[in-house]
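Enquirer: As input, take final.pdb (PDB, N, CA and C atoms):
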ATOM      1  N   MET K   1     127.281 239.160 146.156
ATOM      2  CA  MET K   1     128.249 239.966 145.422
ATOM      3  C   MET K   1     128.061 239.689 143.945
ATOM      4  N   LEU K   2     128.044 240.744 143.148
ATOM      5  CA  LEU K   2     127.934 240.620 141.698
ATOM      6  C   LEU K   2     129.171 241.258 141.073
ATOM      7  N   GLU K   3     130.022 240.429 140.489
ATOM      8  CA  GLU K   3     131.251 240.883 139.841
ATOM      9  C   GLU K   3     131.058 240.919 138.332
ATOM     10  N   GLN K   4     131.899 241.683 137.654
ATOM     11  CA  GLN K   4     131.851 241.786 136.195
ATOM     12  C   GLN K   4     130.426 242.065 135.733
ATOM     13  N   TRP K   5     129.752 242.975 136.449
ATOM     14  CA  TRP K   5     128.348 243.272 136.167
ATOM     15  C   TRP K   5     128.217 244.297 135.062
ATOM     16  N   ALA K   6     127.047 244.284 134.450
ATOM     17  CA  ALA K   6     126.728 245.240 133.387
ATOM     18  C   ALA K   6     125.222 245.438 133.353
ATOM     19  N   PRO K   7     124.774 246.640 132.992
ATOM     20  CA  PRO K   7     123.343 246.853 132.821
ATOM     21  C   PRO K   7     122.867 246.163 131.542
ATOM     22  N   THR K   8     121.645 245.681 131.574
ATOM     23  CA  THR K   8     121.027 245.050 130.396
ATOM     24  C   THR K   8     119.519 245.177 130.529
ATOM     25  N   CYS K   9     118.750 244.628 129.623
ATOM     26  CA  CYS K   9     117.285 244.651 129.691
ATOM     27  C   CYS K   9     116.737 243.303 129.255
ATOM     28  N   ARG K  10     115.504 243.021 129.740
ATOM     29  CA  ARG K  10     114.846 241.772 129.344
ATOM     30  C   ARG K  10     113.338 241.765 129.551
ATOM     31  N   PRO K  11     112.442 242.496 129.251
ATOM     32  CA  PRO K  11     112.419 243.812 128.631
ATOM     33  C   PRO K  11     112.639 244.945 129.616
ATOM     34  N   ALA K  12     112.575 244.685 130.925
ATOM     35  CA  ALA K  12     112.827 245.734 131.923
ATOM     36  C   ALA K  12     114.320 245.829 132.211
ATOM     37  N   PRO K  13     114.810 246.979 132.667
ATOM     38  CA  PRO K  13     116.221 247.101 133.051
ATOM     39  C   PRO K  13     116.568 246.096 134.151
ATOM     40  N   CYS K  14     117.740 245.506 134.049
ATOM     41  CA  CYS K  14     118.231 244.543 135.036
ATOM     42  C   CYS K  14     119.757 244.550 134.967
ATOM     43  N   LEU K  15     120.382 243.653 135.708
ATOM     44  CA  LEU K  15     121.838 243.523 135.681
ATOM     45  C   LEU K  15     122.214 242.100 135.298
ATOM     46  N   THR K  16     123.370 241.953 134.748
ATOM     47  CA  THR K  16     123.941 240.649 134.480
ATOM     48  C   THR K  16     125.338 240.639 135.078
ATOM     49  N   GLY K  17     125.821 239.485 135.485
ATOM     50  CA  GLY K  17     127.158 239.417 136.053
ATOM     51  C   GLY K  17     127.446 238.062 136.658
ATOM     52  N   LEU K  18     128.537 237.989 137.399
ATOM     53  CA  LEU K  18     128.979 236.761 138.042
ATOM     54  C   LEU K  18     128.661 236.840 139.532
ATOM     55  N   SER K  19     127.765 235.975 139.976
ATOM     56  CA  SER K  19     127.275 236.012 141.348
ATOM     57  C   SER K  19     128.077 235.087 142.256
ATOM     58  N   THR K  20     128.343 235.560 143.458
ATOM     59  CA  THR K  20     128.939 234.752 144.519
ATOM     60  C   THR K  20     128.164 235.046 145.787
ATOM     61  N   GLY K  21     127.745 233.999 146.500
ATOM     62  CA  GLY K  21     127.038 234.183 147.757
ATOM     63  C   GLY K  21     125.542 234.375 147.612
ATOM     64  N   HIS K  22     124.985 234.089 146.447
ATOM     65  CA  HIS K  22     123.538 234.211 146.239
ATOM     66  C   HIS K  22     122.850 233.102 147.046
ATOM     67  N   PRO K  23     121.774 233.410 147.765
ATOM     68  CA  PRO K  23     121.137 232.400 148.614
ATOM     69  C   PRO K  23     120.490 231.245 147.845
ATOM     70  N   ARG K  24     120.094 231.455 146.612
ATOM     71  CA  ARG K  24     119.444 230.380 145.845
ATOM     72  C   ARG K  24     120.313 229.823 144.719
ATOM     73  N   LEU K  25     121.198 230.644 144.193
ATOM     74  CA  LEU K  25     122.054 230.231 143.077
ATOM     75  C   LEU K  25     123.455 229.976 143.617
ATOM     76  N   VAL K  26     123.641 228.817 144.173
ATOM     77  CA  VAL K  26     124.865 228.465 144.894
ATOM     78  C   VAL K  26     126.046 228.331 143.943
ATOM     79  N   GLY K  27     127.215 228.737 144.406
ATOM     80  CA  GLY K  27     128.443 228.615 143.638
ATOM     81  C   GLY K  27     129.123 229.956 143.469
ATOM     82  N   ALA K  28     130.382 229.914 143.139
ATOM     83  CA  ALA K  28     131.152 231.140 142.926
ATOM     84  C   ALA K  28     131.202 231.463 141.443
ATOM     85  N   ASP K  29     131.150 232.745 141.124
ATOM     86  CA  ASP K  29     131.243 233.230 139.740
ATOM     87  C   ASP K  29     130.207 232.576 138.823
ATOM     88  N   ARG K  30     128.999 232.445 139.331
ATOM     89  CA  ARG K  30     127.900 231.884 138.535
ATOM     90  C   ARG K  30     127.262 233.000 137.713
ATOM     91  N   SER K  31     127.148 232.810 136.403
ATOM     92  CA  SER K  31     126.587 233.811 135.508
ATOM     93  C   SER K  31     125.076 233.910 135.724
ATOM     94  N   ILE K  32     124.592 235.141 136.020
ATOM     95  CA  ILE K  32     123.165 235.341 136.279
ATOM     96  C   ILE K  32     122.659 236.594 135.583
ATOM     97  N   ILE K  33     121.337 236.673 135.462
ATOM     98  CA  ILE K  33     120.627 237.894 135.108
ATOM     99  C   ILE K  33     119.676 238.155 136.262
ATOM    100  N   THR K  34     119.700 239.358 136.808
ATOM    101  CA  THR K  34     118.891 239.670 137.986
ATOM    102  C   THR K  34     117.426 239.909 137.616
ATOM    103  N   SER K  35     116.608 240.023 138.641
ATOM    104  CA  SER K  35     115.237 240.488 138.434
ATOM    105  C   SER K  35     115.296 241.981 138.090
ATOM    106  N   ASP K  36     114.154 242.593 137.869
ATOM    107  CA  ASP K  36     114.089 243.997 137.434
ATOM    108  C   ASP K  36     114.871 244.921 138.377
ATOM    109  N   LEU K  37     115.661 245.788 137.791
ATOM    110  CA  LEU K  37     116.458 246.753 138.541
ATOM    111  C   LEU K  37     115.561 247.883 139.040
ATOM    112  N   GLN K  38     115.563 248.116 140.340
ATOM    113  CA  GLN K  38     114.759 249.169 140.950
ATOM    114  C   GLN K  38     115.591 250.411 141.253
ATOM    115  N   LEU K  39     116.851 250.194 141.675
ATOM    116  CA  LEU K  39     117.704 251.298 142.096
ATOM    117  C   LEU K  39     119.167 250.901 141.960
ATOM    118  N   LEU K  40     119.975 251.811 141.452
ATOM    119  CA  LEU K  40     121.423 251.640 141.368
ATOM    120  C   LEU K  40     122.039 252.823 142.084
ATOM    121  N   SER K  41     122.885 252.565 143.088
ATOM    122  CA  SER K  41     123.468 253.667 143.858
ATOM    123  C   SER K  41     124.319 254.556 142.958
ATOM    124  N   SER K  42     124.407 255.829 143.293
ATOM    125  CA  SER K  42     125.148 256.780 142.460
ATOM    126  C   SER K  42     126.630 256.416 142.362
ATOM    127  N   ASP K  43     127.178 255.760 143.385
ATOM    128  CA  ASP K  43     128.580 255.340 143.325
ATOM    129  C   ASP K  43     128.735 253.927 142.750
ATOM    130  N   GLN K  44     127.622 253.325 142.350
ATOM    131  CA  GLN K  44     127.575 252.002 141.715
ATOM    132  C   GLN K  44     128.238 250.905 142.551
ATOM    133  N   THR K  45     128.036 250.960 143.865
ATOM    134  CA  THR K  45     128.564 249.909 144.742
ATOM    135  C   THR K  45     127.477 248.969 145.235
ATOM    136  N   TRP K  46     126.207 249.316 145.008
ATOM    137  CA  TRP K  46     125.101 248.424 145.363
ATOM    138  C   TRP K  46     123.906 248.701 144.472
ATOM    139  N   ALA K  47     123.030 247.697 144.390
ATOM    140  CA  ALA K  47     121.823 247.807 143.573
ATOM    141  C   ALA K  47     120.678 247.107 144.279
ATOM    142  N   ARG K  48     119.477 247.597 144.037
ATOM    143  CA  ARG K  48     118.255 246.955 144.536
ATOM    144  C   ARG K  48     117.491 246.439 143.329
ATOM    145  N   THR K  49     117.179 245.142 143.319
ATOM    146  CA  THR K  49     116.316 244.574 142.295
ATOM    147  C   THR K  49     114.981 244.231 142.953
ATOM    148  N   THR K  50     114.042 243.759 142.180
ATOM    149  CA  THR K  50     112.735 243.403 142.723
ATOM    150  C   THR K  50     112.851 242.393 143.855
ATOM    151  N   SER K  51     113.774 241.455 143.738
ATOM    152  CA  SER K  51     113.838 240.374 144.726
ATOM    153  C   SER K  51     114.933 240.494 145.786
ATOM    154  N   ARG K  52     115.961 241.320 145.567
ATOM    155  CA  ARG K  52     117.041 241.387 146.566
ATOM    156  C   ARG K  52     117.975 242.568 146.348
ATOM    157  N   TRP K  53     118.854 242.751 147.340
ATOM    158  CA  TRP K  53     119.930 243.746 147.274
ATOM    159  C   TRP K  53     121.180 243.047 146.748
ATOM    160  N   TYR K  54     121.989 243.780 145.985
ATOM    161  CA  TYR K  54     123.274 243.265 145.503
ATOM    162  C   TYR K  54     124.379 244.242 145.856
ATOM    163  N   ARG K  55     125.473 243.703 146.383
ATOM    164  CA  ARG K  55     126.706 244.470 146.520
ATOM    165  C   ARG K  55     127.425 244.303 145.195
ATOM    166  N   LEU K  56     127.877 245.400 144.605
ATOM    167  CA  LEU K  56     128.483 245.353 143.277
ATOM    168  C   LEU K  56     129.997 245.461 143.359
ATOM    169  N   GLY K  57     130.649 244.600 142.645
ATOM    170  CA  GLY K  57     132.100 244.631 142.547
ATOM    171  C   GLY K  57     132.504 245.375 141.283
ATOM    172  N   THR K  58     133.448 244.831 140.569
ATOM    173  CA  THR K  58     133.970 245.438 139.357
ATOM    174  C   THR K  58     132.934 245.414 138.242
ATOM    175  N   GLN K  59     132.749 246.549 137.583
ATOM    176  CA  GLN K  59     131.824 246.608 136.459
ATOM    177  C   GLN K  59     132.506 246.072 135.210
ATOM    178  N   ARG K  60     131.770 245.305 134.417
ATOM    179  CA  ARG K  60     132.295 244.792 133.153
ATOM    180  C   ARG K  60     132.544 245.958 132.203
ATOM    181  N   ARG K  61     133.644 245.907 131.486
ATOM    182  CA  ARG K  61     133.935 246.941 130.495
ATOM    183  C   ARG K  61     132.901 246.867 129.392
ATOM    184  N   MET K  62     132.354 248.017 128.995
ATOM    185  CA  MET K  62     131.251 248.046 128.034
ATOM    186  C   MET K  62     131.637 247.518 126.654
ATOM    187  N   GLU K  63     132.879 247.730 126.203
ATOM    188  CA  GLU K  63     133.238 247.193 124.895
ATOM    189  C   GLU K  63     133.196 245.678 124.902
ATOM    190  N   LYS K  64     133.519 245.053 126.054
ATOM    191  CA  LYS K  64     133.421 243.609 126.170
ATOM    192  C   LYS K  64     131.953 243.182 126.114
ATOM    193  N   THR K  65     131.083 243.948 126.778
ATOM    194  CA  THR K  65     129.652 243.650 126.764
ATOM    195  C   THR K  65     129.087 243.794 125.355
ATOM    196  N   LEU K  66     129.446 244.855 124.647
ATOM    197  CA  LEU K  66     128.941 245.072 123.290
ATOM    198  C   LEU K  66     129.415 243.972 122.340
ATOM    199  N   ARG K  67     130.660 243.523 122.511
ATOM    200  CA  ARG K  67     131.175 242.441 121.673
ATOM    201  C   ARG K  67     130.377 241.160 121.882
ATOM    202  N   SER K  68     129.969 240.881 123.149
ATOM    203  CA  SER K  68     129.241 239.652 123.430
ATOM    204  C   SER K  68     127.836 239.680 122.838
ATOM    205  N   LEU K  69     127.307 240.884 122.521
ATOM    206  CA  LEU K  69     125.980 240.991 121.922
ATOM    207  C   LEU K  69     126.002 240.778 120.415
ATOM    208  N   ASN K  70     127.166 240.924 119.793
ATOM    209  CA  ASN K  70     127.261 240.775 118.332
ATOM    210  C   ASN K  70     127.411 239.338 117.906
TER     211      ASN K  70
END
Kindly transcribe the structure held in the file into structure tokens.

Expert:
Amino acid sequence: MLEQWAPTCRPAPCLTGLSTGHPRLVGADRSIITSDLQLLSSDQTWARTTSRWYRLGTQRRMEKTLRSLN
């Protein structure tokens, strides 16, 4: 599960957010950046990255994301 997620790049499109239940990154609400984004469902409830599928929870508000970049 990826909560408070937002699209980002590094240089390829990917996602950032708070992960819970990740098989390698143990812990709740752990801040992560995913591998390259391959597909985002039209209803934005799941995403496919190069290495795994993610169920998506609440999307981070974009003004909060833009503020964190400044």

Enquirer: Please define a box with edges along x, y and z of the file around all atoms of stretch 36-49 of chain K given in the file, extend it by 4 Å on each side, and return its centre and edge lengths in Å to one decimal, as lines of an AutoDock Vina configuration file.

Expert:
center_x = 121.4
center_y = 249.7
center_z = 141.4
size_x = 22.6
size_y = 22.2
size_z = 15.9

Enquirer: Could you tell me which residues the PyMOL selection byres ((chain K and resi 26-37) around 6.5) returns for this structure, as a list of chain:residue names?

Expert: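 Written out, the selection comes to K:Ala12, K:Pro13, K:Cys14, K:Leu15, K:Thr16, K:Gly17, K:Leu18, K:Ser19, K:Thr20, K:Gly21, K:His22, K:Pro23, K:Arg24, K:Leu25, K:Gln38, K:Leu39, K:Leu40, K:Arg48, K:Thr49, K:Thr50, K:Ser51.
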
Enquirer: Rounded to one decimal place, report the atom CA of K:Leu56-atom C of K:Pro7 distance in Å.

Expert: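 Value for the atom CA of K:Leu56-atom C of K:Pro7 distance: 13.0 Å.
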
Enquirer: If I take atom CA of K:Gln4 and atom CA of K:Gln59, how far is one from the other in Å, to one decimal?

Expert: 4.8 Å

Enquirer: Residues of chain K in strand (DSSP E) according to DSSP, as a PyMOL selection string?

Expert: chain K and resi 2-9+13-19+30-33+37-40+46-49+53-55

Enquirer: Taking the DSSP assignment computed from this structure's backbone, write out as an MDAnalysis selection string all residues of chain K that belong to helix (DSSP H, G or I).

Expert: chainID K and resid 62:69

Enquirer: Which residues are near K:Arg55? Cut-off 5 Å, all atoms listed in the file, ignore same chain within fewer than 2 positions. Put them as a short mmCIF file (atom, residue, chain, number, x, y, z; two decimals) with N, CA and C atoms, in the coordinates of the input.

Expert:
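So the final result, stored in out-v3.cif, reads:
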data_model
loop_
_atom_site.label_atom_id
_atom_site.label_comp_id
_atom_site.auth_asym_id
_atom_site.auth_seq_id
_atom_site.Cartn_x
_atom_site.Cartn_y
_atom_site.Cartn_z
N MET K 1 127.28 239.16 146.16
CA MET K 1 128.25 239.97 145.42
C MET K 1 128.06 239.69 143.94
N LEU K 2 128.04 240.74 143.15
CA LEU K 2 127.93 240.62 141.70
C LEU K 2 129.17 241.26 141.07
N THR K 45 128.04 250.96 143.86
CA THR K 45 128.56 249.91 144.74
C THR K 45 127.48 248.97 145.24
N TRP K 46 126.21 249.32 145.01
CA TRP K 46 125.10 248.42 145.36
C TRP K 46 123.91 248.70 144.47
N TRP K 53 118.85 242.75 147.34
CA TRP K 53 119.93 243.75 147.27
C TRP K 53 121.18 243.05 146.75
N GLY K 57 130.65 244.60 142.65
CA GLY K 57 132.10 244.63 142.55
C GLY K 57 132.50 245.38 141.28
#

Enquirer: What is the distance, in Å and to one decimal place, between atom N of K:Ala47 and atom C of K:Trp5?

Expert: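 Atom C of K:Trp5 lies 11.2 Å from atom N of K:Ala47.
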